[in-house]
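Undergrad: Just passing along the structure, written as structure tokens.
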Amino acid sequence: MTVPNLVGAGLIVIGAGIGLGKIGGSAMEGIARQPEATGKIQTAMIIIAALLEGLAFGALFLGK
Amino acid sequence: MEQLLNDFSPGLFFMQTLILLVLIFILVKFAWKPILNSLNEREQGIQDALDAAEAAKKEMQNVTADSEKLLKEARAERDVLLKEAREIKESIISEAKEQANAEGDKIIKQAQAAIESEKKAAVAEIKAQVANLSLEIAEKVIKEELSNKDKQLKLVDDMLGDIKLN
Amino acid sequence: MRVLKTPFVLATTLFILLFSNGINAKSQEDKKEGAVNTKEEVEEYILHHIKDSHDFHLFSYTNSEGERKHIGFPLPVIVWSSEGLVTFMSSKFHHDDSGHHIVEASGTRFAKLHGKIYELQPGAESITFDEEHHATNATKVLDFSITKSVLGIVLVGLLMLLLFGSLAKQYKSKKVPTGFGRVLEPLVIYVRDEIAKPNIGDKKYRQFTGYLLTVFFFIWILNLLGLTPLGFNVTGQLAVTAALAIFTLIIYTVKGNKDYWQHMLWMPGVPVLIRPVLAVIELAGAFLIKPFSLLVRLFANISAGHIVVMSLIAILITMKAEMGVVGSSLLSFVLSLFITLIEVLVAFLQAYIFTMLSALFIGMAVAEHDHHHEHDEHGHDKVDAEDVRGNYI
């Protein structure tokens, strides 16, 4: 791995981390506000997190 | 990317595709279809049973409502009957009272009338007897008194005096 | 969780025991084949493990005579070479992975280099390499070998047939399954009610449930198998996840209805000039991005999980100098136990997500677009969530 690759990977991970944090945080807020919708919120959260993850992994592997 | 493509094994891809195809085919035919069918059947059965129970419950409610209605009607009818009976009783009592009163009045009147007629008869008899008696007395007195002139006069005087007193 | 914990503590312990055997084997000489003692060797070992292999290798040790012993068994190699189909046992390579050991079979010569089988050009006696360590006088052959991954796939396939075949058989005689079927039935119902039904719709879910169930259990069991010390890394093979993703791609392409294609190629309510541009994006989304995200996610998660677990186990070796045997063992044990527990969750989660997204894609392709678009005052369609959902996938 070259230095630009590593920097790029780091940037991807930072971006993905921020995204995941936002998803998780919003989901927590949503659950706190409407505990009865926990199941639905969790499902949606997992799907979105998975999509983000796919994006991040795609970018990581393209750069590898 | 290059390394990933290098790692990609077409042979494994082929084997995986083949095995997965066979696996899906066999599982769908021999596992998933019977499993899902029996699950559906079971759920349908449970649903049917629940529906039946619900229907039975409704039926029960209807029956209870019906019997309650009947009971209510019966109660109302009983009330009506009781009321009528009471009215009849009262009317009978009042009628009887009236009748009794009327009868009593009649009897009293009859009695009074009888008493009156008896009294009249008695008075008339008394009068007749008195008249007879007085006639007899008078006859005797007169017979006796008339034997003696003074006595006759005196008697007449006495008698007259008596009559006056009467 | 409590139910899961005990077997996995056990599994982790076993895993560590076996791998520490492989890693920690004392070697008197510096270069012992398969011995892992330095950082570089650990890296190489992990990379090797992540890849598919042609033999089933459990662990190696050095016996009292200083001889290197490998415990495991060979698997058949089936390759399509210039001479047609050639088969031989992988034991002929003698665990060589550097292309030095040449195997002669059916008149051609083969060598194994980094997990791939190369066919030497006629007359060549050994492989020559260029500066980038690429073979110059040998070509890769189409390799239909029963590799470790293929073995894993076959084993899981048989296991699934056994489990669900017996579950299906139980329904013939009774309404409620007993024994292990009682564990499997809720899982089947879970996939049907939580994955298939909500994403595909009540009317059409039935014909896709078989595929979704197969894929779900296939991935899940293989993920869990990857956590055992047997060293399977099937769902961490690009070829396997690619095959799975392409199955989903084929299903939603073949089963896509008129609305799906219309919304993809010539979408209503969009200015005509933009339509071709959007169509290109939509096509790329449907045929490249969706399957790519499916296959890369599963592959990357499982591979990353394996790398992390093995790296943490390797703390045993890499930190030995700094922390001593006991300290490094303890640290390695605690960390790898923790990560393995997370990996158990990931194993389920990835199976769930793969099935879920497959169901979502299929559901989007077969959905009846009976929702009427709201028009704003310019007569353009207002976008609703369902229309843009595909853009994010």
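Residue numbers start at 1 in each chain; chains themselves are named A, B, ... in the order of the structure tokens; ligands are numbered from 1 in the order shown.
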Residues of chain A were defined as contacting chain B if any atom lay at most 12 Å from it, counting only C-alpha atoms; please report them as a PyMOL selection string.
TA: chain A and resi 1+5+57-64
Undergrad: Restrict the distance test to only C-alpha atoms, flag each residue of chain B within 7 Å of chain C, and return the flagged residues as a list in words.
TA: Phe8, Ser9, Pro10, Gly11, Leu12, Phe13, Met15, Gln16, Thr17, Leu23, Ile24, Leu27, Val28, Phe30, Ala31, Trp32, Pro34, Ile35 and Ser38 of chain B
Undergrad: For chain C, list the residues within 9 Å of chain A, counting only C-alpha atoms, and write the list as a list of chain:residue names.
TA: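 Here is what falls inside 9 Å: C:Phe292, C:Ser293, C:Leu294, C:Leu295, C:Val296, C:Arg297, C:Leu298, C:Ala300, C:Asn301, C:Leu349, C:Gln350, C:Ile353, C:Met356, C:Leu357, C:Tyr392, C:Ile393.
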Undergrad: Keeping only N, CA and C atoms, write the selected residues to a file as a compact mmCIF listing (two decimals), in the first residue's frame.
TA:
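Printed below is result_39.txt as written:
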```
# COMPACT_ATOMS: atom_id res chain seq x y z
N PHE C 292 -22.86 -5.23 -7.02
CA PHE C 292 -21.53 -4.98 -6.49
C PHE C 292 -21.58 -4.70 -4.99
N SER C 293 -22.56 -3.87 -4.59
CA SER C 293 -22.66 -3.58 -3.16
C SER C 293 -22.98 -4.85 -2.38
N LEU C 294 -23.84 -5.69 -2.97
CA LEU C 294 -24.18 -6.94 -2.29
C LEU C 294 -22.95 -7.82 -2.09
N LEU C 295 -22.20 -8.01 -3.18
CA LEU C 295 -21.11 -8.98 -3.10
C LEU C 295 -19.94 -8.43 -2.30
N VAL C 296 -19.66 -7.13 -2.45
CA VAL C 296 -18.51 -6.57 -1.74
C VAL C 296 -18.79 -6.50 -0.25
N ARG C 297 -20.03 -6.18 0.13
CA ARG C 297 -20.35 -6.04 1.55
C ARG C 297 -20.09 -7.36 2.29
N LEU C 298 -20.66 -8.40 1.74
CA LEU C 298 -20.52 -9.69 2.41
C LEU C 298 -19.06 -10.12 2.44
N ALA C 300 -16.32 -8.32 2.16
CA ALA C 300 -15.46 -7.46 2.96
C ALA C 300 -15.70 -7.67 4.44
N ASN C 301 -16.96 -7.79 4.82
CA ASN C 301 -17.25 -7.96 6.24
C ASN C 301 -16.65 -9.24 6.78
N LEU C 349 -25.93 -10.84 11.06
CA LEU C 349 -26.31 -9.56 10.46
C LEU C 349 -26.05 -9.55 8.96
N GLN C 350 -24.91 -10.10 8.55
CA GLN C 350 -24.60 -10.07 7.12
C GLN C 350 -25.53 -10.97 6.34
N ILE C 353 -28.71 -9.01 6.18
CA ILE C 353 -28.66 -7.86 5.27
C ILE C 353 -28.65 -8.32 3.82
N MET C 356 -32.10 -9.45 3.13
CA MET C 356 -32.97 -8.27 3.20
C MET C 356 -32.85 -7.43 1.94
N LEU C 357 -31.61 -7.12 1.54
CA LEU C 357 -31.42 -6.28 0.36
C LEU C 357 -31.85 -7.02 -0.89
N TYR C 392 -30.29 5.39 -3.70
CA TYR C 392 -29.35 5.27 -2.57
C TYR C 392 -28.82 3.86 -2.41
N ILE C 393 -29.20 3.01 -3.32
CA ILE C 393 -28.81 1.60 -3.12
C ILE C 393 -27.73 1.21 -4.11
```
Undergrad: Counting only C-alpha atoms, what is within 12 Å of C:Glu40, bar same-chain residues fewer than 3 positions away, as a ChimeraX atom specification?
TA: /C:35-37,43-47,311,314,317-318
Undergrad: In stretch 141-193 of chain C, what's alpha helix (DSSP H) per DSSP? Answer as a VMD selection string?
TA: chain C and resid 148 to 173 181 to 190
Undergrad: Could those selected residues go to a file with C-alpha atoms, as a compact mmCIF listing (two decimals), in the first residue's frame?
TA:
```txt
# COMPACT_ATOMS: atom_id res chain seq x y z
CA LYS C 148 -11.64 -26.05 0.85
CA SER C 149 -14.40 -23.56 0.00
CA VAL C 150 -16.14 -25.96 -2.35
CA LEU C 151 -15.95 -28.59 0.36
CA GLY C 152 -17.47 -26.09 2.80
CA ILE C 153 -20.24 -25.25 0.35
CA VAL C 154 -21.01 -28.92 -0.23
CA LEU C 155 -20.98 -29.63 3.50
CA VAL C 156 -23.31 -26.74 4.25
CA GLY C 157 -25.55 -27.76 1.38
CA LEU C 158 -25.80 -31.28 2.75
CA LEU C 159 -26.37 -29.95 6.25
CA MET C 160 -29.19 -27.74 5.02
CA LEU C 161 -30.74 -30.61 3.11
CA LEU C 162 -30.56 -32.73 6.23
CA LEU C 163 -31.94 -30.07 8.57
CA PHE C 164 -34.72 -28.71 6.44
CA GLY C 165 -35.51 -32.00 4.76
CA SER C 166 -36.15 -33.52 8.17
CA LEU C 167 -38.12 -30.45 9.20
CA ALA C 168 -40.26 -30.80 6.09
CA LYS C 169 -40.73 -34.48 6.81
CA GLN C 170 -41.91 -33.72 10.33
CA TYR C 171 -44.86 -31.76 8.99
CA LYS C 172 -46.18 -34.84 7.28
CA SER C 173 -47.02 -36.53 10.54
CA GLY C 181 -37.12 -28.42 14.13
CA ARG C 182 -38.53 -26.30 16.89
CA VAL C 183 -35.45 -24.09 16.61
CA LEU C 184 -35.53 -23.99 12.82
CA GLU C 185 -39.20 -23.23 12.42
CA PRO C 186 -39.11 -19.76 14.02
CA LEU C 187 -36.11 -18.91 11.85
CA VAL C 188 -38.01 -19.89 8.73
CA ILE C 189 -40.98 -17.86 9.93
CA TYR C 190 -38.66 -14.96 10.74
```
